[in-house]
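Enquirer: Just one file: work_14.txt, with compact mmCIF, C-alpha atoms.
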# COMPACT_ATOMS: atom_id res chain seq x y z
CA MET A 1 9.33 13.42 -11.28
CA LEU A 2 7.34 15.88 -13.34
CA LEU A 3 5.76 13.05 -15.25
CA LEU A 4 4.88 11.25 -12.04
CA SER A 5 3.32 14.37 -10.60
CA ALA A 6 1.28 15.13 -13.72
CA ALA A 7 -2.35 14.13 -13.57
CA PRO A 8 -2.99 11.51 -16.25
CA ALA A 9 -6.27 11.10 -18.12
CA LEU A 10 -7.61 8.07 -16.37
CA ALA A 11 -9.86 6.82 -19.09
CA HIS A 12 -9.89 3.32 -17.69
CA GLY A 13 -10.20 4.36 -14.12
CA GLY A 14 -6.78 3.11 -13.21
CA GLU A 15 -4.38 4.44 -10.72
CA GLY A 16 -4.16 8.03 -9.65
CA GLY A 17 -1.17 10.26 -10.07
CA ALA A 18 -0.57 13.67 -8.64
CA GLY A 19 -2.46 13.36 -5.35
CA GLY A 20 -0.87 10.06 -4.39
CA PHE A 21 2.59 11.12 -5.45
CA VAL A 22 2.54 14.44 -3.61
CA ALA A 23 1.03 12.77 -0.53
CA GLY A 24 3.83 10.18 -0.62
CA LEU A 25 6.45 12.87 -1.18
CA MET A 26 5.20 14.80 1.85
CA HIS A 27 4.77 11.74 4.06
CA PRO A 28 8.33 11.46 5.40
CA VAL A 29 8.79 15.23 5.36
CA PHE A 30 6.03 15.77 7.92
CA GLY A 31 7.64 13.36 10.38
CA PRO A 32 10.64 15.17 11.89
CA ASP A 33 11.90 11.92 13.43
CA HIS A 34 11.97 10.38 9.95
CA VAL A 35 13.58 13.47 8.44
CA VAL A 36 16.50 13.67 10.87
CA ALA A 37 17.23 9.95 10.56
CA MET A 38 17.26 10.12 6.74
CA VAL A 39 19.51 13.17 6.79
CA ALA A 40 21.78 11.39 9.28
CA VAL A 41 22.19 8.47 6.86
CA GLY A 42 23.40 10.91 4.20
CA LEU A 43 25.65 12.76 6.64
CA TRP A 44 27.23 9.56 7.85
CA GLY A 45 27.71 8.31 4.32
CA ALA A 46 29.47 11.55 3.38
CA PHE A 47 31.57 11.32 6.55
CA LEU A 48 32.66 7.77 5.77
CA GLY A 49 33.40 8.62 2.13
CA ALA A 50 33.31 6.22 -0.82
CA PRO A 51 31.83 3.66 -1.14
CA ALA A 52 29.64 4.32 1.93
CA ILE A 53 28.51 7.65 0.49
CA TRP A 54 26.47 5.83 -2.15
CA LEU A 55 26.10 2.40 -0.59
CA LEU A 56 24.18 3.53 2.50
CA PRO A 57 21.56 5.50 0.51
CA ILE A 58 21.05 2.43 -1.70
CA VAL A 59 20.77 0.00 1.22
CA PHE A 60 18.30 2.18 3.12
CA PRO A 61 15.39 2.31 0.61
CA LEU A 62 15.72 -1.37 -0.27
CA VAL A 63 15.65 -2.55 3.34
CA MET A 64 13.00 0.07 4.07
CA ALA A 65 10.87 -1.61 1.39
CA LEU A 66 11.26 -4.95 3.19
CA GLY A 67 10.15 -3.24 6.41
CA GLY A 68 7.23 -1.82 4.46
CA VAL A 69 6.28 -5.32 3.30
CA LEU A 70 6.22 -6.46 6.96
CA GLY A 71 3.92 -3.52 7.74
CA ILE A 72 1.64 -4.28 4.82
CA LEU A 73 1.44 -7.96 5.73
CA GLY A 74 0.68 -7.03 9.33
CA VAL A 75 3.69 -8.86 10.73
CA PRO A 76 4.14 -7.44 14.22
CA VAL A 77 7.36 -5.47 14.66
CA PRO A 78 7.59 -4.33 18.28
CA ALA A 79 8.57 -0.83 19.40
CA THR A 80 8.48 0.73 15.95
CA GLU A 81 8.38 4.31 17.20
CA THR A 82 11.15 3.57 19.67
CA GLY A 83 13.20 2.10 16.83
CA ILE A 84 12.69 5.23 14.72
CA ALA A 85 13.71 7.51 17.59
CA ALA A 86 16.67 5.25 18.34
CA SER A 87 17.74 5.47 14.70
CA ALA A 88 18.04 9.25 15.00
CA ILE A 89 19.97 8.93 18.27
CA VAL A 90 22.39 6.25 17.09
CA LEU A 91 22.97 7.60 13.58
CA GLY A 92 23.29 11.15 14.97
CA LEU A 93 25.84 9.95 17.49
CA MET A 94 27.78 8.13 14.79
CA VAL A 95 28.12 11.42 12.94
CA ALA A 96 28.80 13.47 16.07
CA LEU A 97 31.50 11.08 17.25
CA ALA A 98 32.90 10.72 13.71
CA ALA A 99 32.59 6.95 14.10
CA ARG A 100 34.24 4.94 11.33
CA PRO A 101 33.16 1.32 11.73
CA PRO A 102 33.74 -1.23 8.92
CA LEU A 103 31.48 -0.66 5.94
CA TRP A 104 29.53 -3.87 6.44
CA SER A 105 28.62 -2.96 10.03
CA ALA A 106 27.56 0.55 8.99
CA ALA A 107 25.35 -0.99 6.30
CA VAL A 108 23.85 -3.49 8.77
CA LEU A 109 23.15 -0.71 11.28
CA VAL A 110 21.50 1.53 8.68
CA GLY A 111 19.57 -1.43 7.28
CA ALA A 112 18.32 -2.46 10.71
CA PHE A 113 16.92 0.99 11.37
CA ALA A 114 15.46 1.16 7.86
CA ILE A 115 13.19 -1.75 8.84
CA PHE A 116 11.46 0.45 11.45
CA HIS A 117 11.03 3.37 9.07
CA GLY A 118 9.71 1.11 6.31
CA TYR A 119 7.35 -0.64 8.70
CA ALA A 120 5.81 2.68 9.76
CA HIS A 121 5.39 3.73 6.12
CA GLY A 122 4.05 0.34 5.07
CA ARG A 123 1.28 0.44 7.63
CA GLU A 124 0.14 3.80 6.24
CA LEU A 125 0.39 2.90 2.56
CA PRO A 126 -3.03 3.56 0.99
CA ALA A 127 -4.76 0.46 -0.26
CA GLY A 128 -6.40 2.40 -3.07
CA ALA A 129 -5.26 2.85 -6.60
CA ASN A 130 -2.79 5.61 -5.66
CA ALA A 131 -0.41 3.12 -4.08
CA VAL A 132 2.22 3.23 -6.84
CA ALA A 133 2.34 7.02 -6.92
CA PHE A 134 2.34 7.21 -3.11
CA ALA A 135 5.11 4.63 -2.73
CA SER A 136 7.21 6.31 -5.42
CA GLY A 137 6.69 9.65 -3.71
CA PHE A 138 7.85 8.59 -0.31
CA VAL A 139 10.78 6.53 -1.60
CA ILE A 140 11.95 9.54 -3.65
CA ALA A 141 11.45 11.85 -0.65
CA THR A 142 13.54 9.47 1.44
CA GLY A 143 16.25 9.48 -1.20
CA LEU A 144 16.20 13.25 -1.50
CA LEU A 145 16.59 13.57 2.27
CA HIS A 146 19.65 11.31 2.03
CA LEU A 147 20.99 13.55 -0.72
CA CYS A 148 20.43 16.61 1.50
CA GLY A 149 22.50 14.89 4.18
CA ILE A 150 25.20 13.97 1.67
CA ALA A 151 25.30 17.52 0.30
CA PHE A 152 25.72 18.97 3.80
CA GLY A 153 28.12 16.19 4.71
CA LEU A 154 30.45 17.19 1.89
CA LEU A 155 31.42 20.14 4.08
CA THR A 156 33.66 17.68 5.95
CA ARG A 157 36.35 18.52 3.38
CA TRP A 158 37.05 21.64 5.42
CA PRO A 159 37.92 21.69 9.15
CA ALA A 160 35.12 24.12 10.01
CA GLY A 161 32.68 22.12 7.92
CA ARG A 162 33.71 18.96 9.70
CA LEU A 163 32.81 20.64 12.97
CA ALA A 164 29.47 21.79 11.56
CA VAL A 165 28.63 18.29 10.34
CA ARG A 166 29.51 16.72 13.68
CA GLY A 167 27.41 19.40 15.39
CA ALA A 168 24.50 18.53 13.11
CA GLY A 169 24.92 14.90 14.14
CA GLY A 170 24.65 15.97 17.77
CA VAL A 171 21.48 17.93 17.06
CA ILE A 172 19.99 14.91 15.28
CA ALA A 173 20.78 12.71 18.29
CA LEU A 174 19.09 15.24 20.57
CA VAL A 175 15.99 15.30 18.37
CA GLY A 176 15.87 11.51 18.56
CA LEU A 177 16.26 11.71 22.33
CA ALA A 178 13.36 14.16 22.51
CA TYR A 179 11.17 11.74 20.56
CA LEU A 180 12.25 8.83 22.71
CA GLY A 181 11.49 10.77 25.88
CA GLY A 182 8.12 11.87 24.55
CA PHE A 183 9.07 15.54 24.48
CA ALA A 184 8.36 15.91 20.77
CA MET B 1 -7.08 10.18 -35.37
CA ILE B 2 -4.82 12.52 -33.40
CA ALA B 3 -7.22 12.41 -30.47
CA GLY B 4 -6.92 8.64 -30.45
CA VAL B 5 -3.12 8.76 -30.42
CA VAL B 6 -3.15 11.34 -27.63
CA SER B 7 -5.59 9.20 -25.66
CA GLY B 8 -3.25 6.23 -26.06
CA LEU B 9 -0.26 8.35 -25.03
CA THR B 10 -1.92 9.54 -21.85
CA GLN B 11 -2.93 6.01 -20.94
CA PHE B 12 0.73 5.06 -20.95
CA PHE B 13 1.72 7.73 -18.46
CA LEU B 14 0.58 5.92 -15.34
CA PRO B 15 3.02 5.36 -12.46
CA THR B 16 3.07 1.56 -12.90
CA HIS B 17 3.96 1.81 -16.58
CA LEU B 18 6.50 4.57 -16.07
CA LEU B 19 8.28 2.70 -13.29
CA ALA B 20 8.45 -0.44 -15.41
CA ILE B 21 9.74 1.26 -18.55
CA VAL B 22 12.26 3.42 -16.68
CA ALA B 23 13.59 0.36 -14.81
CA LEU B 24 13.92 -1.61 -18.03
CA GLY B 25 15.49 1.36 -19.80
CA LEU B 26 18.09 1.68 -17.06
CA LEU B 27 18.78 -2.04 -17.29
CA ILE B 28 19.32 -1.88 -21.05
CA GLY B 29 21.41 1.28 -20.87
CA GLN B 30 23.54 0.10 -17.96
CA GLY B 31 24.37 -3.14 -19.77
CA ALA B 32 24.98 -1.29 -23.06
CA ARG B 33 22.55 -3.61 -24.84
CA ASP B 34 21.70 -3.38 -28.51
CA LEU B 35 18.85 -0.89 -28.28
CA PRO B 36 17.06 -1.58 -31.62
CA ILE B 37 16.74 -5.28 -30.81
CA GLN B 38 15.42 -4.57 -27.32
CA LEU B 39 12.95 -2.03 -28.71
CA ALA B 40 11.79 -4.68 -31.18
CA CYS B 41 11.19 -7.09 -28.28
CA LEU B 42 9.09 -4.48 -26.47
CA ALA B 43 7.15 -3.76 -29.68
CA LEU B 44 6.55 -7.48 -30.13
CA GLY B 45 5.23 -7.72 -26.59
CA LEU B 46 2.97 -4.72 -27.11
CA ALA B 47 1.59 -6.35 -30.26
CA ILE B 48 1.01 -9.64 -28.45
CA GLY B 49 -0.78 -7.82 -25.64
CA SER B 50 -2.96 -5.95 -28.12
CA VAL B 51 -3.94 -9.20 -29.82
CA MET B 52 -4.78 -10.69 -26.42
CA ILE B 53 -7.06 -7.71 -25.75
CA ALA B 54 -8.71 -8.26 -29.14
CA LEU B 55 -9.32 -11.85 -28.09
CA ALA B 56 -11.25 -10.38 -25.16
CA MET B 57 -8.93 -11.73 -22.49
CA ARG B 58 -9.93 -10.19 -19.18
CA GLU B 59 -8.76 -10.17 -15.61
CA THR B 60 -5.12 -10.78 -16.39
CA PRO B 61 -2.56 -10.16 -13.65
CA ALA B 62 -0.80 -7.69 -15.96
CA ALA B 63 -0.24 -5.01 -13.31
CA ILE B 64 1.26 -7.50 -10.85
CA ALA B 65 3.49 -8.97 -13.55
CA LEU B 66 4.67 -5.48 -14.48
CA LEU B 67 5.45 -4.66 -10.85
CA GLY B 68 7.35 -7.92 -10.44
CA LEU B 69 9.42 -7.22 -13.55
CA THR B 70 10.00 -3.66 -12.35
CA ALA B 71 11.29 -4.85 -8.97
CA ALA B 72 13.56 -7.43 -10.62
CA ALA B 73 14.90 -4.92 -13.15
CA GLY B 74 15.46 -2.33 -10.42
CA LEU B 75 17.42 -4.83 -8.31
CA ALA B 76 19.51 -5.83 -11.34
CA VAL B 77 20.34 -2.15 -11.87
CA VAL B 78 21.31 -1.77 -8.18
CA LEU B 79 23.62 -4.77 -8.45
CA ALA B 80 24.91 -3.55 -11.83
CA TRP B 81 24.15 -7.04 -13.10
CA THR B 82 24.07 -7.48 -16.84
CA PRO B 83 21.69 -10.32 -17.66
CA PRO B 84 22.06 -12.29 -20.92
CA ALA B 85 20.61 -10.50 -23.94
CA PHE B 86 17.97 -13.17 -24.55
CA LEU B 87 16.73 -12.79 -20.98
CA VAL B 88 16.42 -9.01 -21.31
CA GLY B 89 14.59 -9.51 -24.60
CA ALA B 90 12.18 -11.99 -23.02
CA VAL B 91 11.54 -9.65 -20.09
CA LEU B 92 10.85 -6.77 -22.48
CA THR B 93 8.42 -8.91 -24.50
CA ILE B 94 6.53 -9.90 -21.35
CA ALA B 95 6.58 -6.30 -20.11
CA GLY B 96 5.22 -5.09 -23.46
CA ALA B 97 2.39 -7.60 -23.33
CA GLY B 98 1.65 -6.66 -19.73
CA LEU B 99 1.67 -2.99 -20.56
CA ALA B 100 -0.76 -3.43 -23.45
CA LEU B 101 -3.05 -5.62 -21.35
CA ASN B 102 -2.98 -3.05 -18.56
CA THR B 103 -3.98 -0.33 -21.03
CA PRO B 104 -7.17 -1.54 -22.70
CA PRO B 105 -8.41 1.00 -25.27
CA GLN B 106 -11.44 3.05 -24.31
CA ALA B 107 -12.67 3.62 -27.83
CA LEU B 108 -15.94 2.17 -29.01
CA THR B 109 -14.81 1.53 -32.56
CA ILE B 110 -12.03 -0.83 -33.60
CA PRO B 111 -10.10 1.68 -35.78
CA VAL B 112 -9.92 4.22 -32.94
CA ALA B 113 -8.99 1.47 -30.48
CA ILE B 114 -6.11 0.46 -32.74
CA VAL B 115 -4.95 4.08 -32.97
CA GLU B 116 -5.07 4.33 -29.17
CA GLN B 117 -2.94 1.20 -28.82
CA ILE B 118 -0.48 2.66 -31.32
CA GLY B 119 -0.31 5.82 -29.18
CA THR B 120 0.43 3.78 -26.07
CA ALA B 121 3.07 1.76 -27.91
CA MET B 122 4.73 4.92 -29.24
CA ALA B 123 4.91 6.41 -25.76
CA ALA B 124 6.38 3.21 -24.31
CA LEU B 125 8.97 2.80 -27.08
CA VAL B 126 10.08 6.44 -27.04
CA THR B 127 10.34 6.49 -23.24
CA LEU B 128 12.34 3.25 -23.19
CA ALA B 129 14.66 4.53 -25.91
CA LEU B 130 15.26 7.84 -24.12
CA VAL B 131 15.95 6.24 -20.73
CA ALA B 132 18.20 3.54 -22.21
CA PHE B 133 20.09 6.13 -24.24
CA GLY B 134 20.55 8.34 -21.18
CA ALA B 135 21.68 5.44 -18.98
CA ALA B 136 24.13 4.23 -21.64
CA ARG B 137 25.72 7.67 -21.72
CA ALA B 138 26.09 7.70 -17.92
CA THR B 139 29.69 6.54 -18.03
CA ARG B 140 31.26 8.64 -15.29
CA SER B 141 31.51 7.12 -11.85
CA TRP B 142 29.01 9.46 -10.16
CA GLN B 143 26.58 9.05 -13.06
CA ARG B 144 26.66 5.26 -12.78
CA ILE B 145 26.10 5.59 -9.03
CA GLY B 146 23.12 7.83 -9.81
CA VAL B 147 21.69 5.14 -12.08
CA ARG B 148 22.08 2.55 -9.32
CA ILE B 149 20.44 4.84 -6.75
CA LEU B 150 17.54 5.39 -9.15
CA GLY B 151 17.30 1.61 -9.55
CA SER B 152 17.07 1.20 -5.78
CA TRP B 153 14.26 3.75 -5.56
CA ILE B 154 12.33 2.02 -8.34
CA ALA B 155 12.87 -1.45 -6.85
CA ALA B 156 11.79 -0.25 -3.40
CA SER B 157 8.61 1.36 -4.78
CA ALA B 158 7.73 -1.71 -6.83
CA ILE B 159 8.35 -4.14 -3.94
CA LEU B 160 6.08 -2.11 -1.65
CA VAL B 161 3.21 -1.90 -4.11
CA LEU B 162 3.60 -5.52 -5.12
CA ALA B 163 3.26 -6.53 -1.48
CA LEU B 164 0.24 -4.29 -1.12
CA ARG B 165 -1.48 -5.74 -4.21
CA LEU B 166 -0.79 -9.32 -3.17
CA ALA B 167 -1.78 -8.79 0.46
CA ARG B 168 -5.06 -6.93 0.00
Turn this file's structure into structure tokens for me.

Expert:
Amino acid sequence: MLLLSAAPALAHGGEGGAGGFVAGLMHPVFGPDHVVAMVAVGLWGAFLGAPAIWLLPIVFPLVMALGGVLGILGVPVPATETGIAASAIVLGLMVALAARPPLWSAAVLVGAFAIFHGYAHGRELPAGANAVAFASGFVIATGLLHLCGIAFGLLTRWPAGRLAVRGAGGVIALVGLAYLGGFA
Amino acid sequence: MIAGVVSGLTQFFLPTHLLAIVALGLLIGQGARDLPIQLACLALGLAIGSVMIALAMRETPAAIALLGLTAAAGLAVVLAWTPPAFLVGAVLTIAGAGLALNTPPQALTIPVAIVEQIGTAMAALVTLALVAFGAARATRSWQRIGVRILGSWIAASAILVLALRLAR
């Protein structure tokens, strides 16, 4: 990460480094609807335990990239913002209700929502030379948000922690609801 | 002399090159491949690329090829797939050539240009060796999961940029 954020000597006028990377890193962070959904993925993964705890955070960025490709290619994906808000509601509810569906259906659900998040990012990907640094930044930010969720989700080992995690899921669902209703 | 090497080193540290070398390093380390042979393949590719620059080849799709290899290597890491050794060697040779072609020396004289290319090659080889060594030592379950997560991040980044380059 340090190497990616360091400004290289661009003798041949190639791609940029620090600016694009930091911009990409900050991109998901400044969208609270993105943040809560990413954290919810980590929380749910931790709640479900192995192998979901690592499978969901691997599925999300890969499918998100496919969503990003759709955005870059200009393929119309309807109701993107609604999909992002819905992802926070549904994933938050999954955590709040301590839902334990089969792994494949959890992965499909997370992957489906990742399309919307990736699409939104893909449309905003800069066409300039900073694209690699920007894309790396926001993919890493997404992953780190998952890890935050997983770290918090590990509290489920204790009864009180389990309650706190389920409460956090409820808050995430409410945030999603606020976005869906246009209150945020 | 030293300035030329440093110039070559800094030209290596671009996001496209780093992503490619880290992805390939993870692939080698995860599959516990014979590192000296794989390093030799990368060095061969770097030499081929340097010769192609000397032959004044221009407008090569080196960056796109590198991104494609990066995405493929990242996905292989995610799947924990161990490709045949000859395939990894071939990929490293192509990646080396792509890397050299994507890093044309800025020097005006041939000796300094050669030194710059040597600097770039050193940076690529050392980075690959370090990443592969680290990934090979990641033997615990959570460490191997970490390697696969890193592979997914790299693959996702490469796929996005590849789409962007091809679309616009």

Enquirer: Just want the 7 Å neighbourhood of Ile172 of chain A, counted on only C-alpha atoms, with same-chain residues fewer than 5 positions away dropped. Output as a short mmCIF file (atom, residue, chain, number, x, y, z; two decimals) with C-alpha atoms, in the frame of the given file.

Expert:
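File produced: part_35.cif:
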data_model
loop_
_atom_site.label_atom_id
_atom_site.label_comp_id
_atom_site.auth_asym_id
_atom_site.auth_seq_id
_atom_site.Cartn_x
_atom_site.Cartn_y
_atom_site.Cartn_z
CA VAL A 36 16.50 13.67 10.87
CA ALA A 88 18.04 9.25 15.00
CA ILE A 89 19.97 8.93 18.27
CA GLY A 92 23.29 11.15 14.97
#

Enquirer: Can you list, as a list in words, every protein, DNA or RNA residue that comes within 8 Å of Val139 of chain A when you count all atoms listed in the file, leaving out same-chain residues fewer than 6 positions away?

Expert: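 So, after excluding close chain neighbours, the residues are Gly24, Leu25 and Pro61 of chain A; Trp153, Ala156 and Ser157 of chain B.
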
Enquirer: Select all residues from chain A having any atom no more than 6 Å from an atom of chain B (counting only C-alpha atoms, ignoring ligands), output as a PyMOL selection string.

Expert: chain A and resi 9+58+61-62+65+69+132-133+135-136+139

Enquirer: Considering all atoms listed in the file, state which residue in the set A:Leu174, A:Trp104, A:Val165, A:Phe134 is at the smallest distance from Ala151 of chain A.

Expert: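 Ranked by minimum distance to Ala151 of chain A, first place goes to A:Val165.
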
Enquirer: Counting all atoms listed in the file, what is within 12 Å of Phe183 of chain A, bar same-chain residues fewer than 3 positions away, as a list in words?

Expert: Asp33, Ala85, Leu174, Val175, Gly176, Leu177, Ala178, Tyr179 and Leu180 of chain A

Enquirer: For Ala97 of chain B, please output as a PDB file with C-alpha atoms, keeping the file's coordinate frame all residues within 7 Å (counting only C-alpha atoms; exclusion window: fewer than 5 positions along the same chain).

Expert:
ATOM      1  CA  GLY B  45       5.230  -7.720 -26.590  1.00  0.00           C
ATOM      2  CA  LEU B  46       2.970  -4.720 -27.110  1.00  0.00           C
ATOM      3  CA  ILE B  48       1.010  -9.640 -28.450  1.00  0.00           C
ATOM      4  CA  GLY B  49      -0.780  -7.820 -25.640  1.00  0.00           C
TER       5      GLY B  49
END
